[in-house]
2 protein chains.
Amino acid sequence: MNTLQPAKYPVKVKAIWYDETLRQICWINTLKLPHEEEVVCSNDPERVVKAIVDMEIRGAPAIGVAAALAIGAYALKIANTPLEAFIDEIKKSINKLWRTRPTAHNLFYALSRMNKTLDESLRSINDTYKLAEKLINEALSIYWEDVQANIKIGEYGAELIPDKATILTHCNAGALATSAYGTALAAIRIAWYNGKNIRVIATETRPVLQGARLTVYELMKEGIPVTLITDNMVGMVMRKKIVDLVIVGADRVTKDGYVVNKIGTYMIALAAKRNNIPFYVAAPTSTLDMDRTIDQVVIEERNPDEVKYVLGKLITVKDVSIVNYAFDITDPDLVSAIITEKGVVYPPFQLNLAKVLGT
Amino acid sequence: MNTLQPAKYPVKVKAIWYDETLRQICWINTLKLPHEEEVVCSNDPERVVKAIVDMEIRGAPAIGVAAALAIGAYALKIANTPLEAFIDEIKKSINKLWRTRPTAHNLFYALSRMNKTLDESLRSINDTYKLAEKLINEALSIYWEDVQANIKIGEYGAELIPDKATILTHCNAGALATSAYGTALAAIRIAWYNGKNIRVIATETRPVLQGARLTVYELMKEGIPVTLITDNMVGMVMRKKIVDLVIVGADRVTKDGYVVNKIGTYMIALAAKRNNIPFYVAAPTSTLDMDRTIDQVVIEERNPDEVKYVLGKLITVKDVSIVNYAFDITDPDLVSAIITEKGVVYPPFQLNLAKVLGT
């Protein structure tokens with residue numbers, strides 16, 4: 001099983017994969033894009049913890065898949081350890097990965113599955129090599145399910161994109177945020193592969209500039225026309241009638257239809273509503289949190305230096321006070337539909353999200 | 001008449017003044033703030049043209065005052081020129097300054113007054129030294145009227161700021177954008193001088209970062225508590241209920257109450273409306289354009305490199321397509337009131353703006 005070739009659609013950018021020969025998880029360090037394409041491989045969960053915390057690996061689905069593959073690769077690495085120590089190490093690693101970032105749901109979804117796989121396997125297996133095999137297989141299942149979700153989201157999403165449309169997207173919900181084609185950018189890619197003459201407006205996405213650094217890079221690799229704007233230009237380009245629809249990703253969608261996504265999404269949704277522009281959220285069901293209402297979701301606040309410095313350059317007075325929310329909350333009434341791998345979900349979301357999950 | 005000491009309130013930051021000894025206009029090069037406080041003086045209109053185009057001098061009132069002082073200082077410089085050549089030079093300089101930037105109304109307001117002063121003086125005066133005196137005096141009147149407008153706007157605006165309020169502001173509508181205390185920041189300064197325990201949230205204001213570089217610098221010099229956020233965090237801090245009111249400046253207000261201001265203002269106004277937060281615009285009457293409707297206003301598009309580079313650092317793929325609108329448009333229904341030096345103007349704006357101007 002070669003995770004580098006997901007088939008059906010071409011793969012021109014790859015964020016994360018499992019190297020069968022090395023038995024390691026590999027990723028592209030997105031912090032160095034677009035200027036440098038650095039690949040890092042590891043079977044050390046501590047290294048993956050660092051990669052997630054520092055945002056070498058970022059994007060809700062990619063974080064979940066990376067955490068799972070880190071556990072799988074580590075299990076293979078320590079399979080020659082006595083059973084008790086093996087279990088202890090895996091549990092400790094799951095806990096460390098669990099605490100890397102609080103907001104994206106996919107991390108908890110993936111690590112819960114890995115934990116459950118260990119617990120359930122232990123009922124009938126006490127051979128560490130066999131346990132490790134179970135764990136890497138579960139991680140690869142999570143990976144492949146994400147690839148398939150990308151494809152289905154892309155296909156459903158592409159149907160919502162008219163020919164000649166200009167699509168505005170925020171941050172990077174692309175190949176560099178998932179296992180394969182992205183979520184929002186999968187819809188855009190597949191519309192493009194289907195011959196639609198589209199173009200994209202990408203917001204730069206301060207403070208970490210995922211739009212300017214990653215979305216622009218990805219789309220230019222595909223040859224899809226892309227125009228970069230600052231985050232605060234969204235309202236003006238909408239007033240100018242040059243945006244036909246918005247598609248963004250999500251870090252968590254609650255059962256009542258609130259969308260937690262990269263900071264700035266809420267203001268884009270408000271501008272879209274004001275200008276009667278459809279606002280779509282593309283997210284696999286692993287992003288859906290059916291256990292929590294929005295008040296129970298932790299919104300991550302990150303290091304003030306992300307705001308104070310841009311690529312190492314101090315942009316303000318050094319000791320100014322900073323607030324750095326990494327995510328914001330978009331109310332359900334601002335969302336036209338949520339594009340999942342199980343279909344496009346329309347309001348009322350509380351009812352229809354439950355239906356799509358079959359719960 | 002020393003333009004460095006406008007009295008009544010302390011002057012801790014100064015953008016622009018007239019040096020009587022040098023007979024030159026002086027300004028602080030705001031492009032180098034907050035890292036360096038470079039002062040430039042000149043009596044060459046070409047140099048002031050460059051300073052306005054490159055945004056060494058920026059902010060609608062400051063641009064108008066600078067253009068007027070440039071003409072006044074130049075008139076003194078060339079007062080030994082024969083009458084016809086003198087008139088020709090002044091007219092050419094007015095034309096060059098006229099074409100520096102298209103959106104801020106104050107530039108056209110100030111240059112129209114300088115042009116009118118020349119034309120009217122010529123009816124009775126043909127001595128170039130006396131003409132030059134008329135021109136520098138008119139420029140100094142424009143300067144001092146802006147100082148007085150700052151004070152009155154500040155006093156009217158301060159009344160709208162409750163004790164313990166947190167005020168969100170965008171870009172820099174401060175001392176560094178005007179002749180003295182600013183417009184939005186004059187209201188904040190005077191509330192602070194009056195002993196109100198306030199704090200400010202400043203948006204960084206991409207692409208040129210006037211919020212991060214100038215507003216933070218100004219407020220920290222005053223000792224007024226200030227927190228910096230990225231532009232896309234405005235919605236989230238409003239949701240968190242930590243913003244009591246918004247005050248921004250304006251580059252042009254049309255007779256029908258549309259507010260043209262720094263890109264991003266419109267999205268802030270939308271977020272304020274959604275969260276029931278008052279949204280105030282502070283602007284002297286020299287910003288009011290009673291001759292045009294919003295469709296007749298030119299919205300400046302600036303160099304793509306402002307978006308691609310942050311303080312010299314390339315943040316994206318070098319040859320990406322860029323849109324760089326410098327301003328946007330906020331609809332009258334999003335504006336709670338316009339604070340002018342003649343009083344606070346409430347809706348309906350078309351009626352009440354005309355009243356305040358006595359037209």
# chains A, B, ... in the order shown; residues from 1 in each chain; ligands from 1
call {"tool": "closest_atom_pairs", "arguments": {"of": "region 247-285 of chain A", "to": "region 96-105 of chain A", "cutoff": "12 Å", "atoms": "only C-alpha atoms", "output": "tab-separated table"}}
result
residue	atom	partner	partner_atom	distance
A:Gly249	CA	A:Ala104	CA	11.2
A:Ala250	CA	A:Ala104	CA	8.1
A:Asp251	CA	A:Ala104	CA	4.3
A:Arg252	CA	A:His105	CA	5.2
A:Val253	CA	A:His105	CA	8.2
A:Thr254	CA	A:His105	CA	9.5
A:Val259	CA	A:Ala104	CA	10.9
A:Val260	CA	A:Thr103	CA	8.0
A:Asn261	CA	A:Ala104	CA	8.4
A:Lys262	CA	A:Ala104	CA	10.0
A:Ile263	CA	A:Thr103	CA	11.9
A:Ala283	CA	A:His105	CA	10.9
A:Pro284	CA	A:His105	CA	10.6
A:Thr285	CA	A:His105	CA	9.9
call {"tool": "interface_residues", "arguments": {"of": "chain B", "to": "chain A", "cutoff": "8 Å", "atoms": "only C-alpha atoms", "output": "ChimeraX atom specification"}}
result
/B:34-35,205-207,209,212-213,216-217,220,226-236,263-267,270-271,307,310-311,313,315-317,320-325,328-329
call {"tool": "write_last_selection", "arguments": {"atoms": "C-alpha atoms", "output": "PDB file, in the first residue's frame"}}
result
ATOM      1  CA  PRO B  34       8.188  52.471  14.671  1.00  0.00           C
ATOM      2  CA  HIS B  35      11.788  51.360  14.200  1.00  0.00           C
ATOM      3  CA  THR B 205      -4.004  46.952   8.875  1.00  0.00           C
ATOM      4  CA  ARG B 206      -2.436  45.022   6.078  1.00  0.00           C
ATOM      5  CA  PRO B 207      -0.874  45.613   3.645  1.00  0.00           C
ATOM      6  CA  LEU B 209       0.564  47.916   8.596  1.00  0.00           C
ATOM      7  CA  ALA B 212       0.834  47.798  13.892  1.00  0.00           C
ATOM      8  CA  ARG B 213       3.454  50.409  13.051  1.00  0.00           C
ATOM      9  CA  VAL B 216       0.543  51.114  18.435  1.00  0.00           C
ATOM     10  CA  TYR B 217       3.526  53.512  18.467  1.00  0.00           C
ATOM     11  CA  MET B 220       2.257  53.546  23.612  1.00  0.00           C
ATOM     12  CA  VAL B 226      -3.298  49.070  23.441  1.00  0.00           C
ATOM     13  CA  THR B 227      -3.628  45.502  22.176  1.00  0.00           C
ATOM     14  CA  LEU B 228      -2.687  44.596  18.636  1.00  0.00           C
ATOM     15  CA  ILE B 229      -4.660  42.071  16.578  1.00  0.00           C
ATOM     16  CA  THR B 230      -4.604  40.958  12.962  1.00  0.00           C
ATOM     17  CA  ASP B 231      -7.367  42.413  10.778  1.00  0.00           C
ATOM     18  CA  ASN B 232      -9.193  39.100  10.597  1.00  0.00           C
ATOM     19  CA  MET B 233      -9.544  38.849  14.415  1.00  0.00           C
ATOM     20  CA  VAL B 234     -12.026  41.744  14.678  1.00  0.00           C
ATOM     21  CA  GLY B 235     -15.082  39.488  14.442  1.00  0.00           C
ATOM     22  CA  MET B 236     -13.768  37.158  17.134  1.00  0.00           C
ATOM     23  CA  ILE B 263      -9.348  48.720   3.232  1.00  0.00           C
ATOM     24  CA  GLY B 264     -10.934  46.532   5.905  1.00  0.00           C
ATOM     25  CA  THR B 265     -13.214  49.194   7.375  1.00  0.00           C
ATOM     26  CA  TYR B 266     -16.308  47.722   5.688  1.00  0.00           C
ATOM     27  CA  MET B 267     -15.773  44.263   7.218  1.00  0.00           C
ATOM     28  CA  LEU B 270     -20.336  44.524   9.253  1.00  0.00           C
ATOM     29  CA  ALA B 271     -18.982  42.731  12.322  1.00  0.00           C
ATOM     30  CA  VAL B 307       0.760  42.682  -0.615  1.00  0.00           C
ATOM     31  CA  VAL B 310       6.067  42.536   4.294  1.00  0.00           C
ATOM     32  CA  LEU B 311       8.934  44.846   5.297  1.00  0.00           C
ATOM     33  CA  LYS B 313      10.160  39.812   2.979  1.00  0.00           C
ATOM     34  CA  ILE B 315       5.446  36.136   1.736  1.00  0.00           C
ATOM     35  CA  THR B 316       4.106  34.233  -1.278  1.00  0.00           C
ATOM     36  CA  VAL B 317       5.025  32.893  -4.717  1.00  0.00           C
ATOM     37  CA  VAL B 320       1.208  35.389  -8.158  1.00  0.00           C
ATOM     38  CA  SER B 321      -1.574  37.700  -9.338  1.00  0.00           C
ATOM     39  CA  ILE B 322      -2.554  40.374  -6.774  1.00  0.00           C
ATOM     40  CA  VAL B 323      -5.415  42.777  -6.166  1.00  0.00           C
ATOM     41  CA  ASN B 324      -4.519  45.694  -3.892  1.00  0.00           C
ATOM     42  CA  TYR B 325      -7.420  48.024  -3.165  1.00  0.00           C
ATOM     43  CA  ASP B 328     -13.201  50.208   0.717  1.00  0.00           C
ATOM     44  CA  ILE B 329     -16.731  51.546   1.058  1.00  0.00           C
TER      45      ILE B 329
END
call {"tool": "select_by_dssp", "arguments": {"residues": "region 136-279 of chain B", "states": "strand (DSSP E or B)", "output": "PyMOL selection string"}}
result
chain B and resi 166-169+174+182+199-203+226-229+245-248+252-254+259-262+279
call {"tool": "write_last_selection", "arguments": {"atoms": "N, CA, C and O atoms", "output": "compact mmCIF listing (two decimals), in the first residue's frame"}}
result
# COMPACT_ATOMS: atom_id res chain seq x y z
N THR B 166 -13.56 49.71 25.94
CA THR B 166 -12.54 49.25 25.01
C THR B 166 -12.96 49.68 23.62
O THR B 166 -14.07 49.37 23.17
N ILE B 167 -12.08 50.43 22.97
CA ILE B 167 -12.38 51.00 21.65
C ILE B 167 -11.56 50.27 20.60
O ILE B 167 -10.34 50.17 20.74
N LEU B 168 -12.21 49.78 19.57
CA LEU B 168 -11.47 49.19 18.46
C LEU B 168 -11.26 50.24 17.38
O LEU B 168 -12.20 50.97 17.03
N THR B 169 -10.03 50.35 16.88
CA THR B 169 -9.78 51.27 15.77
C THR B 169 -8.97 50.55 14.70
O THR B 169 -8.35 49.52 14.96
N GLY B 174 -4.63 59.01 13.51
CA GLY B 174 -4.03 59.61 14.68
C GLY B 174 -3.22 60.84 14.36
O GLY B 174 -3.37 61.47 13.31
N GLY B 182 -5.03 63.84 15.65
CA GLY B 182 -5.75 62.78 14.95
C GLY B 182 -7.23 63.05 14.91
O GLY B 182 -7.71 64.12 15.31
N ARG B 199 -9.19 51.34 27.09
CA ARG B 199 -8.12 50.67 26.36
C ARG B 199 -8.52 50.52 24.90
O ARG B 199 -9.69 50.65 24.54
N VAL B 200 -7.52 50.27 24.08
CA VAL B 200 -7.72 50.29 22.64
C VAL B 200 -7.31 48.94 22.05
O VAL B 200 -6.32 48.34 22.49
N ILE B 201 -8.09 48.46 21.10
CA ILE B 201 -7.65 47.34 20.27
C ILE B 201 -7.35 47.91 18.89
O ILE B 201 -8.19 48.56 18.27
N ALA B 202 -6.12 47.72 18.43
CA ALA B 202 -5.68 48.23 17.13
C ALA B 202 -5.51 47.06 16.17
O ALA B 202 -4.90 46.06 16.51
N THR B 203 -6.07 47.21 14.97
CA THR B 203 -5.87 46.20 13.93
C THR B 203 -4.54 46.50 13.22
O THR B 203 -4.20 47.66 13.00
N VAL B 226 -2.93 49.47 24.80
CA VAL B 226 -3.30 49.07 23.44
C VAL B 226 -2.93 47.61 23.22
O VAL B 226 -1.89 47.15 23.66
N THR B 227 -3.84 46.90 22.55
CA THR B 227 -3.63 45.50 22.18
C THR B 227 -3.71 45.41 20.67
O THR B 227 -4.65 45.93 20.06
N LEU B 228 -2.73 44.75 20.09
CA LEU B 228 -2.69 44.60 18.64
C LEU B 228 -3.30 43.26 18.22
O LEU B 228 -3.03 42.23 18.84
N ILE B 229 -4.12 43.31 17.17
CA ILE B 229 -4.66 42.07 16.58
C ILE B 229 -4.46 42.12 15.06
O ILE B 229 -4.23 43.19 14.49
N LEU B 245 -17.02 49.88 21.50
CA LEU B 245 -17.34 50.74 20.36
C LEU B 245 -16.17 50.74 19.38
O LEU B 245 -15.04 50.38 19.74
N VAL B 246 -16.49 51.13 18.15
CA VAL B 246 -15.47 51.26 17.10
C VAL B 246 -15.39 52.74 16.73
O VAL B 246 -16.42 53.40 16.62
N ILE B 247 -14.18 53.26 16.58
CA ILE B 247 -14.00 54.59 15.97
C ILE B 247 -12.92 54.47 14.91
O ILE B 247 -11.81 54.01 15.20
N VAL B 248 -13.24 54.87 13.70
CA VAL B 248 -12.26 54.88 12.61
C VAL B 248 -12.25 56.28 11.98
O VAL B 248 -13.14 57.09 12.25
N ARG B 252 -12.79 59.80 2.68
CA ARG B 252 -13.81 60.61 2.00
C ARG B 252 -15.18 60.15 2.51
O ARG B 252 -15.40 58.96 2.67
N VAL B 253 -16.04 61.11 2.77
CA VAL B 253 -17.43 60.78 3.10
C VAL B 253 -18.28 61.49 2.05
O VAL B 253 -18.15 62.70 1.86
N THR B 254 -19.10 60.73 1.36
CA THR B 254 -19.91 61.36 0.30
C THR B 254 -21.18 61.96 0.91
O THR B 254 -21.56 61.65 2.03
N VAL B 259 -18.95 55.93 3.50
CA VAL B 259 -17.64 56.21 4.08
C VAL B 259 -16.57 55.44 3.32
O VAL B 259 -16.58 54.21 3.29
N VAL B 260 -15.67 56.19 2.70
CA VAL B 260 -14.52 55.57 2.04
C VAL B 260 -13.37 55.66 3.03
O VAL B 260 -13.02 56.75 3.48
N ASN B 261 -12.84 54.52 3.41
CA ASN B 261 -11.74 54.52 4.38
C ASN B 261 -10.84 53.32 4.08
O ASN B 261 -11.12 52.50 3.20
N LYS B 262 -9.75 53.24 4.81
CA LYS B 262 -8.74 52.19 4.63
C LYS B 262 -9.39 50.82 4.44
O LYS B 262 -10.35 50.47 5.12
N PHE B 279 -20.60 51.96 15.72
CA PHE B 279 -19.53 52.15 14.75
C PHE B 279 -19.48 53.62 14.38
O PHE B 279 -20.36 54.13 13.68
call {"tool": "closest_residue", "arguments": {"among": "A:Glu301, A:Asp291, A:Glu222, A:Asp331", "to": "Phe108 (chain A)", "atoms": "only C-alpha atoms"}}
result
A:Asp291
call {"tool": "atom_distance", "arguments": {"atom1": "CA of Ile71 (chain A)", "atom2": "CA of Ile90 (chain A)"}}
result
6.8 Å
call {"tool": "select_by_dssp", "arguments": {"residues": "region 122-208 of chain B", "states": "helix (DSSP H, G or I)", "output": "PyMOL selection string"}}
result
chain B and resi 122+128-159+175-177+184-193
call {"tool": "atom_distance", "arguments": {"atom1": "CA of Ile16 (chain B)", "atom2": "CA of Lys152 (chain B)"}}
result
19.2 Å
call {"tool": "residues_around", "arguments": {"residues": "region 126-135 of chain A", "least_positions_apart": "6", "cutoff": "8 Å", "atoms": "only C-alpha atoms", "output": "number ranges by chain"}}
result
A: 71-72, 75-76, 79-83, 86, 114, 117-118
call {"tool": "write_last_selection", "arguments": {"atoms": "C-alpha atoms", "output": "PDB file, in the first residue's frame"}}
result
ATOM      1  CA  ILE A  71       1.401   6.117  16.736  1.00  0.00           C
ATOM      2  CA  GLY A  72       1.415   3.391  14.082  1.00  0.00           C
ATOM      3  CA  ALA A  75       4.335   0.885  17.529  1.00  0.00           C
ATOM      4  CA  LEU A  76       6.360  -0.821  14.795  1.00  0.00           C
ATOM      5  CA  ALA A  79       7.413  -3.807  18.825  1.00  0.00           C
ATOM      6  CA  ASN A  80      10.393  -5.625  20.401  1.00  0.00           C
ATOM      7  CA  THR A  81       9.515  -4.101  23.816  1.00  0.00           C
ATOM      8  CA  PRO A  82       7.835  -6.196  26.540  1.00  0.00           C
ATOM      9  CA  LEU A  83       4.036  -5.980  26.432  1.00  0.00           C
ATOM     10  CA  PHE A  86       4.790  -1.289  24.910  1.00  0.00           C
ATOM     11  CA  MET A 114      -6.002   4.514  17.810  1.00  0.00           C
ATOM     12  CA  THR A 117      -7.836  -0.161  18.500  1.00  0.00           C
ATOM     13  CA  LEU A 118      -5.195  -0.815  21.150  1.00  0.00           C
TER      14      LEU A 118
END
call {"tool": "closest_residue", "arguments": {"among": "A:Tyr18, A:Tyr346, A:Trp192, A:Tyr280", "to": "Ala139 (chain A)", "atoms": "only C-alpha atoms"}}
result
A:Tyr18
